[in-house]
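Worksheet for the structure shown next.
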Number of protein chains: 2
Amino acid sequence: MDRKRRIPEATVARLPVYLRTLLEVQAEAMTTISSERLAELAGVNAAKVRKDLSYLGSYGTRGVGYDVDHLLVQMSRELGLTRDWPVAIVGVGNLGAALANYGGFGDRGFPVAALVDADPSKVGTMFGGHKIRDLDDLPALVEELGIAIGIIATPAAGAQEVADRLVAAGVTSILNFAPAVVIVPDHAQLRKVDLALELQVLSFYGQRESIGASLREELGVSAESKESVG
Amino acid sequence: MDRKRRIPEATVARLPVYLRTLLEVQAEAMTTISSERLAELAGVNAAKVRKDLSYLGSYGTRGVGYDVDHLLVQMSRELGLTRDWPVAIVGVGNLGAALANYGGFGDRGFPVAALVDADPSKVGTMFGGHKIRDLDDLPALVEELGIAIGIIATPAAGAQEVADRLVAAGVTSILNFAPAVVIVPDHAQLRKVDLALELQVLSFYGQRESIGASLREELGVSAESKESVG
DNA sequence: GGGACTTTGTGAACAAACGAACAAGGTCGG
DNA sequence: CCGACCTTGTTCGTTTGTTCACAAAGTCCC
């Protein structure tokens, strides 16, 4: 396998799934796991698991499988999860507030360190233990709190400006929840979560399904299993 | 282009982005748009736009561009957005409650028609104008309200069972927010939204970035623009 | 009405991702 | 210490997706 270890994007996106799966396996006191079993639990193909893991290095033992603890250490290191990544949530509306309350972040090494909003009537008020700060404070927050990741939870109209300001303040990792196209410079990383898009894609396939269902019924075709991972 | 019109998955995932972009363009009273301009607004390559749109049929006019209204009609039809898709949210905890309140769904043709929870102390109480129903009521809800899409917003442990129950009740489109691998039969559609995963992917690239940044500085390489869409 | 100009639609080259298959390498019982 | 057995790591053909480049098709000005 590539000694340069340039890990393909598709693999990077699967590593967190393996990580979570391995944590569950570890909790059940299993010390070793085969690619076959891991594949089953992670809902992917076994060959893919082996190839993905091989990018991390050769940490398996032929005839035995992978050492769970060792794999977890390597994977955490590779994903950069050996440190905390303080997060700032920009936009404390419906969604932003929910994310701030969610709590699932801090557990996993992504503490919510700051809440930011552009609305002067919100700035200065408290929410979930944080005083809401102004957009203009971003550079200071990055400096003081070491904000590494910005979450955009504003309406679509404000998203691009928020992204620009985040980048200007030195935040190079951005997660966009706003239903808008956002462009960032090449040195920054942007990922998006788009609820409407997901529903519309489901709608697309759901529409065909009605045709497909009657067709399947006619032909007596049975359902094979299909997976996805959450 | 393929006359069978089997639209590639990657294209399906971009159609909602074009759709949203076209709605904005329409709001500005533009009647026609070129692939170049649409590509810019949607944050993709112009050739990709043309190829994607060609799967819908030949709706452009050479030398002119695409008729915005016409394209919107065709695209909505293809995405199955000419009807409403009633949604059931399963799991009225932090996230489920936020989604129920969000409101951005109903606007776009995905009305929240039911809230469901397995917790007996929640069942029967009101939330956001809905009486929370029991998981066992799912088949009845599908029958009465025509639930077409199920949103899983439960803790990880319950996700697979909820999915099974949704499918058993006849819901074949599922959006999973729970941080767990969920498997559905082949005739069902599953998509996932995984916040921890997104943050961990950002962490992966963020980690390299510190190395990359100093390197870039040394070499005096400037940033090219990069896009993603939300 | 003709020619310059614009923009689409698609063929073809390229790139990324996938999955089957298998040799290499290691375990473990006897 | 050997041979049967197991599981990894990797090669290879296939599929899917992206991008370039250009002919075809239309507009619009003169």
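Lettering and numbering for the structure tokens are positional, with chains as A, B, ... in the shown order, residues counted from 1 in each chain, and ligands counted from 1 in the shown order.
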
Determine, using only C-alpha atoms (C1' of nucleotides), which residues of chain C have any atom at most 9 Å from an atom of chain B, and tabulate each with its shortest atom pair and distance in Å to one decimal place, rows ordered by chain and then rising number, as a tab-separated table.
residue	atom	partner	partner_atom	distance
C:DC5	C1'	B:Gly63	CA	8.4
C:DT6	C1'	B:Gly63	CA	4.4
C:DT7	C1'	B:Gly63	CA	4.1
C:DT8	C1'	B:Arg62	CA	4.5
C:DG9	C1'	B:Ser54	CA	7.2
C:DT10	C1'	B:Met1	CA	6.7

Could you turn the residues from that selection into a file that holds N, CA and C atoms (P, O5', C5', C4', C3', O3' and C1' of nucleotides), as a PDB file, in the first residue's frame?
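Resulting contents of part-v2.pdb:
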ATOM      1  P    DC C   5     -16.973  37.405 -33.866  1.00  0.00           P
ATOM      2  O5'  DC C   5     -18.085  36.909 -32.844  1.00  0.00           O
ATOM      3  C5'  DC C   5     -19.274  37.691 -32.648  1.00  0.00           C
ATOM      4  C4'  DC C   5     -20.211  36.933 -31.733  1.00  0.00           C
ATOM      5  C3'  DC C   5     -19.505  36.196 -30.583  1.00  0.00           C
ATOM      6  O3'  DC C   5     -20.166  36.518 -29.377  1.00  0.00           O
ATOM      7  C1'  DC C   5     -20.982  34.748 -31.702  1.00  0.00           C
ATOM      8  P    DT C   6     -19.453  36.165 -27.982  1.00  0.00           P
ATOM      9  O5'  DT C   6     -20.597  35.305 -27.277  1.00  0.00           O
ATOM     10  C5'  DT C   6     -21.962  35.607 -27.549  1.00  0.00           C
ATOM     11  C4'  DT C   6     -22.825  34.415 -27.214  1.00  0.00           C
ATOM     12  C3'  DT C   6     -22.390  33.603 -25.991  1.00  0.00           C
ATOM     13  O3'  DT C   6     -23.494  33.541 -25.126  1.00  0.00           O
ATOM     14  C1'  DT C   6     -22.818  32.174 -27.819  1.00  0.00           C
ATOM     15  P    DT C   7     -23.401  33.078 -23.616  1.00  0.00           P
ATOM     16  O5'  DT C   7     -23.845  31.561 -23.719  1.00  0.00           O
ATOM     17  C5'  DT C   7     -25.169  31.272 -24.170  1.00  0.00           C
ATOM     18  C4'  DT C   7     -25.267  29.797 -24.383  1.00  0.00           C
ATOM     19  C3'  DT C   7     -24.670  28.937 -23.262  1.00  0.00           C
ATOM     20  O3'  DT C   7     -25.649  28.010 -22.857  1.00  0.00           O
ATOM     21  C1'  DT C   7     -23.963  28.179 -25.357  1.00  0.00           C
ATOM     22  P    DT C   8     -25.415  26.960 -21.701  1.00  0.00           P
ATOM     23  O5'  DT C   8     -25.954  25.673 -22.436  1.00  0.00           O
ATOM     24  C5'  DT C   8     -27.221  25.727 -23.062  1.00  0.00           C
ATOM     25  C4'  DT C   8     -27.308  24.669 -24.141  1.00  0.00           C
ATOM     26  C3'  DT C   8     -27.298  23.238 -23.595  1.00  0.00           C
ATOM     27  O3'  DT C   8     -28.354  22.521 -24.207  1.00  0.00           O
ATOM     28  C1'  DT C   8     -25.568  23.534 -25.206  1.00  0.00           C
ATOM     29  P    DG C   9     -28.931  21.184 -23.526  1.00  0.00           P
ATOM     30  O5'  DG C   9     -28.027  20.060 -24.208  1.00  0.00           O
ATOM     31  C5'  DG C   9     -28.237  19.772 -25.576  1.00  0.00           C
ATOM     32  C4'  DG C   9     -27.230  18.740 -26.035  1.00  0.00           C
ATOM     33  C3'  DG C   9     -27.133  17.474 -25.174  1.00  0.00           C
ATOM     34  O3'  DG C   9     -27.029  16.385 -26.092  1.00  0.00           O
ATOM     35  C1'  DG C   9     -25.000  18.449 -25.354  1.00  0.00           C
ATOM     36  P    DT C  10     -27.040  14.907 -25.615  1.00  0.00           P
ATOM     37  O5'  DT C  10     -25.523  14.486 -25.835  1.00  0.00           O
ATOM     38  C5'  DT C  10     -24.985  14.520 -27.147  1.00  0.00           C
ATOM     39  C4'  DT C  10     -23.507  14.178 -27.083  1.00  0.00           C
ATOM     40  C3'  DT C  10     -23.162  12.948 -26.237  1.00  0.00           C
ATOM     41  O3'  DT C  10     -22.091  12.290 -26.890  1.00  0.00           O
ATOM     42  C1'  DT C  10     -21.880  14.713 -25.539  1.00  0.00           C
TER      43       DT C  10
END

Residues of segment 39-206 of chain B classed as strand (DSSP E or B) by DSSP on the backbone are to be reported as a ChimeraX atom specification.
/B:60-61,65-67,87-90,112-117,126-127,130-131,133-134,149-152,173-176,181-185,189-192

Those residues with N, CA and C atoms, as a CSV table (one decimal), in the first residue's frame please?
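Listing of out-v2.csv after writing:
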chain,number,residue,atom,x,y,z
B,60,GLY,N,-32.3,22.9,-22.5
B,60,GLY,CA,-31.6,24.2,-22.8
B,60,GLY,C,-31.8,24.6,-24.2
B,61,THR,N,-31.4,25.9,-24.5
B,61,THR,CA,-31.4,26.4,-25.8
B,61,THR,C,-30.0,26.9,-26.1
B,65,GLY,N,-29.2,29.5,-23.2
B,65,GLY,CA,-29.1,29.0,-21.9
B,65,GLY,C,-30.4,28.2,-21.5
B,66,TYR,N,-30.7,28.1,-20.2
B,66,TYR,CA,-31.8,27.3,-19.8
B,66,TYR,C,-32.9,28.3,-19.3
B,67,ASP,N,-34.2,27.9,-19.7
B,67,ASP,CA,-35.3,28.7,-19.2
B,67,ASP,C,-35.5,28.3,-17.7
B,87,VAL,N,-44.0,13.6,7.1
B,87,VAL,CA,-42.8,13.1,7.8
B,87,VAL,C,-43.2,12.8,9.3
B,88,ALA,N,-42.7,11.7,9.8
B,88,ALA,CA,-42.8,11.3,11.2
B,88,ALA,C,-41.4,11.4,11.8
B,89,ILE,N,-41.4,12.1,12.9
B,89,ILE,CA,-40.1,12.2,13.7
B,89,ILE,C,-40.2,11.2,14.9
B,90,VAL,N,-39.3,10.3,14.9
B,90,VAL,CA,-39.3,9.3,16.0
B,90,VAL,C,-38.2,9.6,16.9
B,112,VAL,N,-44.2,18.0,9.0
B,112,VAL,CA,-44.1,17.1,10.2
B,112,VAL,C,-45.5,16.7,10.5
B,113,ALA,N,-45.9,15.4,10.3
B,113,ALA,CA,-47.3,15.0,10.5
B,113,ALA,C,-47.4,14.2,11.8
B,114,ALA,N,-46.3,13.8,12.4
B,114,ALA,CA,-46.5,13.0,13.6
B,114,ALA,C,-45.2,13.0,14.4
B,115,LEU,N,-45.3,13.0,15.7
B,115,LEU,CA,-44.2,12.8,16.6
B,115,LEU,C,-44.4,11.5,17.3
B,116,VAL,N,-43.3,10.7,17.4
B,116,VAL,CA,-43.4,9.4,18.0
B,116,VAL,C,-42.3,9.2,19.0
B,117,ASP,N,-42.6,8.5,20.1
B,117,ASP,CA,-41.5,8.2,21.1
B,117,ASP,C,-41.8,6.9,21.8
B,126,MET,N,-48.3,16.7,24.7
B,126,MET,CA,-48.3,17.6,23.5
B,126,MET,C,-46.9,18.2,23.3
B,127,PHE,N,-46.5,18.3,22.1
B,127,PHE,CA,-45.3,19.0,21.7
B,127,PHE,C,-45.5,19.7,20.4
B,130,HIS,N,-48.4,18.8,18.4
B,130,HIS,CA,-48.7,17.3,18.1
B,130,HIS,C,-48.8,16.6,19.4
B,131,LYS,N,-49.7,15.6,19.4
B,131,LYS,CA,-49.7,14.7,20.5
B,131,LYS,C,-48.7,13.6,20.2
B,133,ARG,N,-47.1,10.2,19.9
B,133,ARG,CA,-47.7,8.9,19.8
B,133,ARG,C,-46.7,7.8,20.2
B,134,ASP,N,-47.2,6.6,20.4
B,134,ASP,CA,-46.3,5.5,20.8
B,134,ASP,C,-45.8,4.8,19.5
B,149,ILE,N,-42.0,9.4,5.1
B,149,ILE,CA,-40.6,9.5,5.5
B,149,ILE,C,-40.5,9.5,7.0
B,150,GLY,N,-39.6,8.6,7.5
B,150,GLY,CA,-39.4,8.6,8.9
B,150,GLY,C,-38.0,9.2,9.3
B,151,ILE,N,-38.0,10.0,10.3
B,151,ILE,CA,-36.7,10.6,10.8
B,151,ILE,C,-36.4,10.0,12.1
B,152,ILE,N,-35.3,9.3,12.2
B,152,ILE,CA,-34.8,8.7,13.4
B,152,ILE,C,-34.0,9.7,14.2
B,173,SER,N,-38.7,5.4,3.3
B,173,SER,CA,-37.7,6.4,3.2
B,173,SER,C,-37.3,6.8,4.6
B,174,ILE,N,-36.1,6.7,5.0
B,174,ILE,CA,-35.6,7.0,6.3
B,174,ILE,C,-34.4,7.9,6.4
B,175,LEU,N,-34.5,8.8,7.3
B,175,LEU,CA,-33.4,9.7,7.5
B,175,LEU,C,-32.9,9.5,8.9
B,176,ASN,N,-31.6,9.0,9.0
B,176,ASN,CA,-31.1,8.6,10.4
B,176,ASN,C,-30.2,9.7,11.0
B,181,VAL,N,-25.0,2.6,13.1
B,181,VAL,CA,-25.1,1.9,11.8
B,181,VAL,C,-26.5,1.3,11.7
B,182,VAL,N,-27.2,1.6,10.7
B,182,VAL,CA,-28.6,1.1,10.5
B,182,VAL,C,-28.7,0.4,9.2
B,183,ILE,N,-29.3,-0.8,9.2
B,183,ILE,CA,-29.5,-1.5,8.0
B,183,ILE,C,-30.9,-1.6,7.6
B,184,VAL,N,-31.3,-1.4,6.4
B,184,VAL,CA,-32.6,-1.5,5.9
B,184,VAL,C,-32.7,-2.4,4.7
B,185,PRO,N,-33.9,-3.0,4.5
B,185,PRO,CA,-34.0,-3.9,3.3
B,185,PRO,C,-33.8,-3.1,2.0
B,189,GLN,N,-35.1,3.2,1.3
B,189,GLN,CA,-34.0,4.2,1.2
B,189,GLN,C,-33.6,4.7,2.5
B,190,LEU,N,-32.3,4.7,2.7
B,190,LEU,CA,-31.8,5.3,4.0
B,190,LEU,C,-30.7,6.3,3.7
B,191,ARG,N,-30.9,7.4,4.4
B,191,ARG,CA,-29.8,8.4,4.4
B,191,ARG,C,-29.5,8.8,5.8
B,192,LYS,N,-28.3,9.3,6.0
B,192,LYS,CA,-27.9,9.6,7.4
B,192,LYS,C,-27.3,11.0,7.5

Among listed residues B:Ala97, B:Leu56, B:Leu23, B:Leu135, nearest chain A (using only C-alpha atoms)
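Checking each of B:Ala97, B:Leu56, B:Leu23, B:Leu135 against chain A, counting only C-alpha atoms, the winner is B:Ala97.
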
Interface list for chain D, partner chain A, 9 Å threshold, only C-alpha atoms (C1' of nucleotides), as a PDB file with N, CA and C atoms (P, O5', C5', C4', C3', O3' and C1' of nucleotides), in the first residue's frame:
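Generated output (part_35.pdb):
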ATOM      1  P    DC D   5      -7.466 -28.207   7.257  1.00  0.00           P
ATOM      2  O5'  DC D   5      -7.539 -26.759   7.909  1.00  0.00           O
ATOM      3  C5'  DC D   5      -7.282 -26.605   9.309  1.00  0.00           C
ATOM      4  C4'  DC D   5      -7.164 -25.133   9.614  1.00  0.00           C
ATOM      5  C3'  DC D   5      -8.139 -24.240   8.838  1.00  0.00           C
ATOM      6  O3'  DC D   5      -8.834 -23.433   9.751  1.00  0.00           O
ATOM      7  C1'  DC D   5      -5.958 -23.364   8.744  1.00  0.00           C
ATOM      8  P    DC D   6     -10.173 -22.751   9.317  1.00  0.00           P
ATOM      9  O5'  DC D   6      -9.807 -21.225   9.579  1.00  0.00           O
ATOM     10  C5'  DC D   6      -9.161 -20.877  10.804  1.00  0.00           C
ATOM     11  C4'  DC D   6      -8.437 -19.576  10.604  1.00  0.00           C
ATOM     12  C3'  DC D   6      -9.279 -18.474   9.959  1.00  0.00           C
ATOM     13  O3'  DC D   6      -9.389 -17.466  10.938  1.00  0.00           O
ATOM     14  C1'  DC D   6      -7.089 -18.571   9.021  1.00  0.00           C
ATOM     15  P    DT D   7     -10.386 -16.262  10.781  1.00  0.00           P
ATOM     16  O5'  DT D   7      -9.420 -15.163  10.176  1.00  0.00           O
ATOM     17  C5'  DT D   7      -8.349 -14.681  10.970  1.00  0.00           C
ATOM     18  C4'  DT D   7      -7.573 -13.701  10.139  1.00  0.00           C
ATOM     19  C3'  DT D   7      -8.433 -12.666   9.405  1.00  0.00           C
ATOM     20  O3'  DT D   7      -7.865 -11.405   9.615  1.00  0.00           O
ATOM     21  C1'  DT D   7      -6.957 -13.691   7.925  1.00  0.00           C
ATOM     22  P    DT D   8      -8.482 -10.055   9.015  1.00  0.00           P
ATOM     23  O5'  DT D   8      -7.163  -9.378   8.448  1.00  0.00           O
ATOM     24  C5'  DT D   8      -6.017  -9.339   9.287  1.00  0.00           C
ATOM     25  C4'  DT D   8      -4.769  -9.291   8.426  1.00  0.00           C
ATOM     26  C3'  DT D   8      -4.625  -7.991   7.619  1.00  0.00           C
ATOM     27  O3'  DT D   8      -3.309  -7.490   7.829  1.00  0.00           O
ATOM     28  C1'  DT D   8      -4.478  -9.893   6.186  1.00  0.00           C
ATOM     29  P    DG D   9      -2.983  -5.937   7.534  1.00  0.00           P
ATOM     30  O5'  DG D   9      -2.502  -5.996   6.017  1.00  0.00           O
ATOM     31  C5'  DG D   9      -1.252  -6.589   5.742  1.00  0.00           C
ATOM     32  C4'  DG D   9      -1.037  -6.651   4.246  1.00  0.00           C
ATOM     33  C3'  DG D   9      -1.176  -5.312   3.515  1.00  0.00           C
ATOM     34  O3'  DG D   9      -0.099  -5.266   2.593  1.00  0.00           O
ATOM     35  C1'  DG D   9      -2.602  -6.916   2.527  1.00  0.00           C
ATOM     36  P    DT D  10       0.185  -3.968   1.731  1.00  0.00           P
ATOM     37  O5'  DT D  10      -0.267  -4.459   0.287  1.00  0.00           O
ATOM     38  C5'  DT D  10       0.206  -5.726  -0.163  1.00  0.00           C
ATOM     39  C4'  DT D  10      -0.362  -6.029  -1.527  1.00  0.00           C
ATOM     40  C3'  DT D  10      -0.586  -4.826  -2.442  1.00  0.00           C
ATOM     41  O3'  DT D  10      -0.284  -5.261  -3.748  1.00  0.00           O
ATOM     42  C1'  DT D  10      -2.572  -6.001  -2.246  1.00  0.00           C
TER      43       DT D  10
END

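The spacing separating atom C1' of DA23 of chain D from atom CA of Val73 of chain B amounts to 29.4 Å.
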